[in-house]
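Peer 1: The file below is query25.pdb, PDB, C-alpha atoms:
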```pdb
ATOM      1  CA  MET D  82      92.574  98.770  67.619
ATOM      2  CA  SER D  83      92.594 101.097  64.662
ATOM      3  CA  LYS D  84      95.817 102.530  63.329
ATOM      4  CA  LYS D  85      97.062 105.482  65.314
ATOM      5  CA  ASN D  86     100.069 107.678  65.434
ATOM      6  CA  CYS D  87     102.668 106.652  67.976
ATOM      7  CA  CYS D  88     106.273 107.145  68.900
ATOM      8  CA  VAL D  89     108.374 104.343  70.319
ATOM      9  CA  SER D  90     111.532 104.632  72.340
ATOM     10  CA  ILE D  91     113.665 101.753  73.639
ATOM     11  CA  TYR D  92     115.279 102.063  77.075
ATOM     12  CA  PRO D  93     118.035  99.794  78.403
ATOM     13  CA  THR D  94     116.964  99.925  82.054
ATOM     14  CA  HIS D  95     113.904 100.398  84.221
ATOM     15  CA  GLN D  96     115.515 103.520  85.681
ATOM     16  CA  ALA D  97     115.915 105.099  82.235
ATOM     17  CA  THR D  98     112.301 104.216  81.444
ATOM     18  CA  GLU D  99     111.088 105.823  84.683
ATOM     19  CA  GLN D 100     113.136 108.953  83.935
ATOM     20  CA  ALA D 101     111.588 109.264  80.466
ATOM     21  CA  LEU D 102     108.096 108.794  81.900
ATOM     22  CA  SER D 103     108.828 111.483  84.471
ATOM     23  CA  GLU D 104     109.967 113.875  81.723
ATOM     24  CA  LEU D 105     106.729 113.287  79.814
ATOM     25  CA  GLN D 106     104.670 113.833  82.951
ATOM     26  CA  GLN D 107     106.512 117.074  83.805
ATOM     27  CA  ALA D 108     105.944 118.331  80.244
ATOM     28  CA  GLY D 109     102.201 117.802  80.624
ATOM     29  CA  VAL D 110     101.847 114.803  78.305
ATOM     30  CA  ASP D 111      98.592 112.940  78.968
ATOM     31  CA  LEU D 112      99.753 109.704  80.616
ATOM     32  CA  ARG D 113      96.569 107.985  79.434
ATOM     33  CA  GLN D 114      98.301 107.954  76.031
ATOM     34  CA  VAL D 115     101.514 106.343  77.304
ATOM     35  CA  SER D 116     102.309 102.627  77.398
ATOM     36  CA  ILE D 117     105.303 100.700  78.629
ATOM     37  CA  ALA D 118     106.127  97.091  77.818
ATOM     38  CA  GLY D 119     108.959  94.911  79.046
ATOM     39  CA  LYS D 120     109.790  91.636  80.655
ATOM     40  CA  GLY D 121     107.778  91.244  83.806
ATOM     41  CA  CYS D 122     110.510  89.367  85.592
ATOM     42  CA  GLN D 123     114.040  88.097  85.337
ATOM     43  CA  SER D 124     115.550  84.925  86.678
ATOM     44  CA  GLU D 125     115.602  85.283  90.411
ATOM     45  CA  ALA D 126     116.170  83.023  93.374
ATOM     46  CA  HIS D 127     113.144  84.580  95.083
ATOM     47  CA  PRO D 128     109.404  84.087  94.525
ATOM     48  CA  ILE D 129     107.827  86.244  91.845
ATOM     49  CA  GLY D 130     104.145  87.066  91.694
ATOM     50  CA  PHE D 131     101.450  89.488  90.649
ATOM     51  CA  TYR D 132      98.351  89.839  92.769
ATOM     52  CA  ASN D 133      95.423  92.169  93.413
ATOM     53  CA  VAL D 134      94.882  93.859  96.769
ATOM     54  CA  GLY D 135      91.841  96.107  96.832
ATOM     55  CA  ASP D 136      91.950  98.324  93.782
ATOM     56  CA  ARG D 137      95.657  97.944  92.906
ATOM     57  CA  ILE D 138      97.776  95.258  91.329
ATOM     58  CA  ARG D 139     100.873  94.370  93.351
ATOM     59  CA  TYR D 140     104.095  92.683  92.344
ATOM     60  CA  ARG D 141     106.310  90.464  94.461
ATOM     61  CA  GLY D 142     109.874  90.368  93.172
ATOM     62  CA  ARG D 143     112.937  92.438  92.427
ATOM     63  CA  GLN D 144     111.176  94.726  89.903
ATOM     64  CA  GLY D 145     108.183  95.373  92.154
ATOM     65  CA  ASN D 146     108.650  99.112  92.655
ATOM     66  CA  PHE D 147     108.963  99.641  88.905
ATOM     67  CA  TRP D 148     105.809  97.753  87.842
ATOM     68  CA  VAL D 149     103.624  98.784  90.779
ATOM     69  CA  GLY D 150     104.590 102.414  90.142
ATOM     70  CA  LEU D 151     103.677 102.138  86.460
ATOM     71  CA  TRP D 152     100.400 100.397  87.149
ATOM     72  CA  GLY D 153      99.510 103.217  89.530
ATOM     73  CA  LEU D 154     100.266 105.899  86.904
ATOM     74  CA  LEU D 155      99.160 104.351  83.625
ATOM     75  CA  SER D 156      95.761 102.951  82.715
ATOM     76  CA  GLY D 157      95.707  99.207  82.142
ATOM     77  CA  ALA D 158      97.992  96.485  83.461
ATOM     78  CA  ALA D 159      98.926  93.053  82.167
ATOM     79  CA  PHE D 160     101.380  90.224  82.715
ATOM     80  CA  PHE D 161     101.567  87.148  80.488
ATOM     81  CA  TRP D 162     103.961  84.312  79.881
ATOM     82  CA  VAL D 163     104.015  84.136  76.087
ATOM     83  CA  PRO D 164     105.228  80.844  74.544
ATOM     84  CA  GLY D 165     108.439  81.346  72.586
ATOM     85  CA  PHE D 166     108.740  84.863  73.964
ATOM     86  CA  GLY D 167     108.786  84.592  77.739
ATOM     87  CA  PRO D 168     107.447  86.982  80.357
ATOM     88  CA  LEU D 169     105.743  90.140  79.128
ATOM     89  CA  ALA D 170     104.392  92.909  81.318
ATOM     90  CA  ALA D 171     102.662  96.028  80.067
ATOM     91  CA  ALA D 172     100.927  99.151  81.280
ATOM     92  CA  GLY D 173      98.815 101.683  79.386
ATOM     93  CA  PRO D 174      96.688 101.507  76.226
ATOM     94  CA  PHE D 175      99.021  98.874  74.774
ATOM     95  CA  VAL D 176      97.274  96.364  77.057
ATOM     96  CA  ASP D 177      94.145  96.548  74.840
ATOM     97  CA  SER D 178      96.225  95.867  71.751
ATOM     98  CA  LEU D 179      97.993  93.012  73.522
ATOM     99  CA  MET D 180      94.623  91.451  74.341
ATOM    100  CA  CYS D 181      93.713  91.582  70.638
ATOM    101  CA  GLY D 182      97.030  89.860  69.874
ATOM    102  CA  LEU D 183      96.249  87.161  72.418
ATOM    103  CA  ASP D 184      92.835  86.662  70.845
ATOM    104  CA  GLY D 185      94.526  85.845  67.530
ATOM    105  CA  VAL D 186      94.011  89.088  65.619
ATOM    106  CA  ALA D 187      96.635  89.405  62.844
ATOM    107  CA  ILE D 188      98.689  86.433  64.089
ATOM    108  CA  GLY D 189      98.138  84.868  60.682
ATOM    109  CA  GLY D 190     100.698  87.371  59.403
ATOM    110  CA  GLY D 191     103.496  85.394  61.058
ATOM    111  CA  PHE D 192     103.678  87.564  64.165
ATOM    112  CA  SER D 193     104.168  86.588  67.768
ATOM    113  CA  VAL D 194     101.450  87.730  70.180
ATOM    114  CA  PHE D 195     103.593  90.764  70.992
ATOM    115  CA  GLY D 196     104.214  91.462  67.299
ATOM    116  CA  ALA D 197     100.491  91.160  66.551
ATOM    117  CA  ALA D 198      99.775  93.721  69.286
ATOM    118  CA  LEU D 199     102.287  96.145  67.762
ATOM    119  CA  TYR D 200     100.912  95.549  64.268
ATOM    120  CA  ASN D 201      97.363  96.186  65.480
ATOM    121  CA  MET D 202      98.563  99.555  66.808
ATOM    122  CA  GLY D 203      99.838 100.533  63.370
ATOM    123  CA  ILE D 204     103.526  99.704  63.834
ATOM    124  CA  PRO D 205     104.986  98.698  60.457
ATOM    125  CA  ARG D 206     106.224  95.137  59.952
ATOM    126  CA  ASP D 207     109.851  96.201  59.520
ATOM    127  CA  SER D 208     109.934  97.742  63.017
ATOM    128  CA  ILE D 209     108.229  94.898  64.869
ATOM    129  CA  ASN D 210     111.264  92.586  64.888
ATOM    130  CA  GLN D 211     113.439  95.360  66.363
ATOM    131  CA  TYR D 212     110.955  95.922  69.197
ATOM    132  CA  GLU D 213     110.563  92.194  69.866
ATOM    133  CA  GLN D 214     114.337  91.810  70.103
ATOM    134  CA  ALA D 215     114.541  94.761  72.500
ATOM    135  CA  ILE D 216     112.028  93.141  74.874
ATOM    136  CA  LYS D 217     113.818  89.786  74.686
ATOM    137  CA  ALA D 218     117.060  91.623  75.589
ATOM    138  CA  ASP D 219     115.451  92.916  78.836
ATOM    139  CA  GLN D 220     114.910  96.422  77.490
ATOM    140  CA  CYS D 221     111.683  98.420  77.835
ATOM    141  CA  LEU D 222     109.549 100.083  75.194
ATOM    142  CA  LEU D 223     107.887 103.391  75.948
ATOM    143  CA  ILE D 224     105.074 104.110  73.499
ATOM    144  CA  VAL D 225     103.099 107.343  73.200
ATOM    145  CA  HIS D 226      99.833 106.964  71.265
ATOM    146  CA  GLY D 227      97.528 109.660  69.975
ATOM    147  CA  GLU D 228      96.996 112.536  67.627
ATOM    148  CA  ARG D 229      99.904 113.497  65.411
ATOM    149  CA  ASP D 230     100.722 116.757  67.241
ATOM    150  CA  ALA D 231     100.723 115.084  70.671
ATOM    151  CA  VAL D 232     102.924 112.234  69.447
ATOM    152  CA  GLU D 233     105.388 114.599  67.792
ATOM    153  CA  HIS D 234     105.512 116.714  70.988
ATOM    154  CA  ALA D 235     106.330 113.589  73.020
ATOM    155  CA  CYS D 236     108.998 112.674  70.486
ATOM    156  CA  GLU D 237     110.633 116.077  70.937
ATOM    157  CA  ILE D 238     110.685 115.573  74.715
ATOM    158  CA  LEU D 239     112.167 112.073  74.550
ATOM    159  CA  HIS D 240     114.620 112.437  71.658
ATOM    160  CA  SER D 241     118.219 113.328  72.414
ATOM    161  CA  GLU D 242     121.734 112.566  71.205
ATOM    162  CA  MET D 243     121.708 109.499  73.416
ATOM    163  CA  GLN D 244     118.087 108.442  72.861
ATOM    164  CA  GLN D 245     116.519 107.477  69.550
ATOM    165  CA  VAL D 246     112.743 107.816  69.186
ATOM    166  CA  THR D 247     110.832 106.504  66.168
ATOM    167  CA  VAL D 248     107.549 108.067  65.090
ATOM    168  CA  HIS D 249     105.035 105.839  63.310
ATOM    169  CA  ARG D 250     102.218 107.766  61.606
ATOM    170  CA  ALA D 251      98.843 106.303  60.738
TER     171      ALA D 251
END
```
Show me this structure written as structure tokens.
Peer 2:
Amino acid sequence: MSKKNCCVSIYPTHQATEQALSELQQAGVDLRQVSIAGKGCQSEAHPIGFYNVGDRIRYRGRQGNFWVGLWGLLSGAAFFWVPGFGPLAAAGPFVDSLMCGLDGVAIGGGFSVFGAALYNMGIPRDSINQYEQAIKADQCLLIVHGERDAVEHACEILHSEMQQVTVHRA
């Protein structure tokens, strides 16, 4: 994936992530330019699974409503168990970048698969560790990709006193 402009925001809960996505949708942001990444599961005493029924991916587990809702709204869906990283679920254009990371693109730079995916999107090295740590801490990343004006507009919508948003320009 070539370098693009993007803004990244870290959310502590699935509910906060859903609220931010809703705000973007209400403001008319093109959801085809939005990605979300997070842990696909947490330790549970119940079965966890992802499966395809017809034309939709389903999730069986405590976070089912969250991931199924995202996969219905955003283009692209993925779940992987990444060695040394753990479970990783994603929705949106980030899935393409994640696939490049899994195929070994840029991993020679000392990145994890997740870090390679971020690097391939144009995220600078010094920000990758912060985003990896956020995912490992059960937080979610919301990423808006696209032209500079669209990314900056999304940043304005998401940024507040309580919410930091970082813009990365190509």
Peer 1: Around (98.5, 99.4, 77.0) in the file's frame, which residues reach within 9 Å when counting only C-alpha atoms? Return as a PDB file with C-alpha atoms, in the frame of the given file?
Peer 2:
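Saved as result.pdb:
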```pdb
ATOM      1  CA  GLN D 114      98.301 107.954  76.031  1.00  0.00           C
ATOM      2  CA  VAL D 115     101.514 106.343  77.304  1.00  0.00           C
ATOM      3  CA  SER D 116     102.309 102.627  77.398  1.00  0.00           C
ATOM      4  CA  ILE D 117     105.303 100.700  78.629  1.00  0.00           C
ATOM      5  CA  ALA D 118     106.127  97.091  77.818  1.00  0.00           C
ATOM      6  CA  LEU D 155      99.160 104.351  83.625  1.00  0.00           C
ATOM      7  CA  SER D 156      95.761 102.951  82.715  1.00  0.00           C
ATOM      8  CA  GLY D 157      95.707  99.207  82.142  1.00  0.00           C
ATOM      9  CA  ALA D 158      97.992  96.485  83.461  1.00  0.00           C
ATOM     10  CA  ALA D 159      98.926  93.053  82.167  1.00  0.00           C
ATOM     11  CA  ALA D 171     102.662  96.028  80.067  1.00  0.00           C
ATOM     12  CA  ALA D 172     100.927  99.151  81.280  1.00  0.00           C
ATOM     13  CA  GLY D 173      98.815 101.683  79.386  1.00  0.00           C
ATOM     14  CA  PRO D 174      96.688 101.507  76.226  1.00  0.00           C
ATOM     15  CA  PHE D 175      99.021  98.874  74.774  1.00  0.00           C
ATOM     16  CA  VAL D 176      97.274  96.364  77.057  1.00  0.00           C
ATOM     17  CA  ASP D 177      94.145  96.548  74.840  1.00  0.00           C
ATOM     18  CA  SER D 178      96.225  95.867  71.751  1.00  0.00           C
ATOM     19  CA  LEU D 179      97.993  93.012  73.522  1.00  0.00           C
ATOM     20  CA  ILE D 224     105.074 104.110  73.499  1.00  0.00           C
TER      21      ILE D 224
END
```
Peer 1: Check the smallest atom-to-atom distance from each of D:Ser90, D:Arg250, D:Gly119, D:Glu99 to Ile204 in chain D using all atoms listed in the file, then report the winner.
Peer 2: D:Arg250
Peer 1: Starting from the PyMOL selection byres ((chain D and resi 251) around 9), expand the selection into actual residues of this file and give them as a PyMOL selection string.
Peer 2: chain D and resi 84-87+203-204+229+249-250
Peer 1: Would you mind reading off the distance between CA of Met180 in chain D and CA of His240 in chain D, one decimal, in Å?
Peer 2: 29.1 Å
Peer 1: Evaluated on this file, the PyMOL selection byres ((chain D and resi 244-247) around 9) picks out some residues - which ones are they, written as a short mmCIF file (atom, residue, chain, number, x, y, z; two decimals) with C-alpha atoms, in the coordinates of the input?
Peer 2:
```
data_model
loop_
_atom_site.label_atom_id
_atom_site.label_comp_id
_atom_site.auth_asym_id
_atom_site.auth_seq_id
_atom_site.Cartn_x
_atom_site.Cartn_y
_atom_site.Cartn_z
CA CYS D 87 102.67 106.65 67.98
CA CYS D 88 106.27 107.14 68.90
CA VAL D 89 108.37 104.34 70.32
CA SER D 90 111.53 104.63 72.34
CA ILE D 91 113.66 101.75 73.64
CA TYR D 92 115.28 102.06 77.08
CA CYS D 236 109.00 112.67 70.49
CA GLU D 237 110.63 116.08 70.94
CA LEU D 239 112.17 112.07 74.55
CA HIS D 240 114.62 112.44 71.66
CA SER D 241 118.22 113.33 72.41
CA GLU D 242 121.73 112.57 71.20
CA MET D 243 121.71 109.50 73.42
CA VAL D 248 107.55 108.07 65.09
CA HIS D 249 105.04 105.84 63.31
#
```
Peer 1: Once the PyMOL selection byres ((chain D and resi 208) around 10) has been applied to the shown file, what residues remain in the selection, as a PDB file with C-alpha atoms, in the frame of the given file?
Peer 2:
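Dumped everything to result_34.pdb:
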```
ATOM      1  CA  VAL D  89     108.374 104.343  70.319  1.00  0.00           C
ATOM      2  CA  GLY D 196     104.214  91.462  67.299  1.00  0.00           C
ATOM      3  CA  LEU D 199     102.287  96.145  67.762  1.00  0.00           C
ATOM      4  CA  TYR D 200     100.912  95.549  64.268  1.00  0.00           C
ATOM      5  CA  ILE D 204     103.526  99.704  63.834  1.00  0.00           C
ATOM      6  CA  PRO D 205     104.986  98.698  60.457  1.00  0.00           C
ATOM      7  CA  ARG D 206     106.224  95.137  59.952  1.00  0.00           C
ATOM      8  CA  ASP D 207     109.851  96.201  59.520  1.00  0.00           C
ATOM      9  CA  ILE D 209     108.229  94.898  64.869  1.00  0.00           C
ATOM     10  CA  ASN D 210     111.264  92.586  64.888  1.00  0.00           C
ATOM     11  CA  GLN D 211     113.439  95.360  66.363  1.00  0.00           C
ATOM     12  CA  TYR D 212     110.955  95.922  69.197  1.00  0.00           C
ATOM     13  CA  GLU D 213     110.563  92.194  69.866  1.00  0.00           C
ATOM     14  CA  THR D 247     110.832 106.504  66.168  1.00  0.00           C
ATOM     15  CA  HIS D 249     105.035 105.839  63.310  1.00  0.00           C
TER      16      HIS D 249
END
```
Peer 1: Residues within 12 Å of (115.1, 103.0, 85.4), file coordinates, counting only C-alpha atoms: what are they? Give the list as a PDB file with C-alpha atoms, in the frame of the given file.
Peer 2:
```pdb
ATOM      1  CA  ILE D  91     113.665 101.753  73.639  1.00  0.00           C
ATOM      2  CA  TYR D  92     115.279 102.063  77.075  1.00  0.00           C
ATOM      3  CA  PRO D  93     118.035  99.794  78.403  1.00  0.00           C
ATOM      4  CA  THR D  94     116.964  99.925  82.054  1.00  0.00           C
ATOM      5  CA  HIS D  95     113.904 100.398  84.221  1.00  0.00           C
ATOM      6  CA  GLN D  96     115.515 103.520  85.681  1.00  0.00           C
ATOM      7  CA  ALA D  97     115.915 105.099  82.235  1.00  0.00           C
ATOM      8  CA  THR D  98     112.301 104.216  81.444  1.00  0.00           C
ATOM      9  CA  GLU D  99     111.088 105.823  84.683  1.00  0.00           C
ATOM     10  CA  GLN D 100     113.136 108.953  83.935  1.00  0.00           C
ATOM     11  CA  ALA D 101     111.588 109.264  80.466  1.00  0.00           C
ATOM     12  CA  LEU D 102     108.096 108.794  81.900  1.00  0.00           C
ATOM     13  CA  SER D 103     108.828 111.483  84.471  1.00  0.00           C
ATOM     14  CA  GLY D 119     108.959  94.911  79.046  1.00  0.00           C
ATOM     15  CA  GLN D 144     111.176  94.726  89.903  1.00  0.00           C
ATOM     16  CA  ASN D 146     108.650  99.112  92.655  1.00  0.00           C
ATOM     17  CA  PHE D 147     108.963  99.641  88.905  1.00  0.00           C
ATOM     18  CA  TRP D 148     105.809  97.753  87.842  1.00  0.00           C
ATOM     19  CA  GLY D 150     104.590 102.414  90.142  1.00  0.00           C
ATOM     20  CA  LEU D 151     103.677 102.138  86.460  1.00  0.00           C
ATOM     21  CA  GLN D 220     114.910  96.422  77.490  1.00  0.00           C
ATOM     22  CA  CYS D 221     111.683  98.420  77.835  1.00  0.00           C
ATOM     23  CA  LEU D 222     109.549 100.083  75.194  1.00  0.00           C
ATOM     24  CA  LEU D 223     107.887 103.391  75.948  1.00  0.00           C
TER      25      LEU D 223
END
```
Peer 1: Pick out the residues sitting within 7 Å of Ile238 in chain D, and hand them over as a PyMOL selection string; count only C-alpha atoms, and ignore anything fewer than 3 positions along from it in its own chain.
Peer 2: chain D and resi 105+234-235
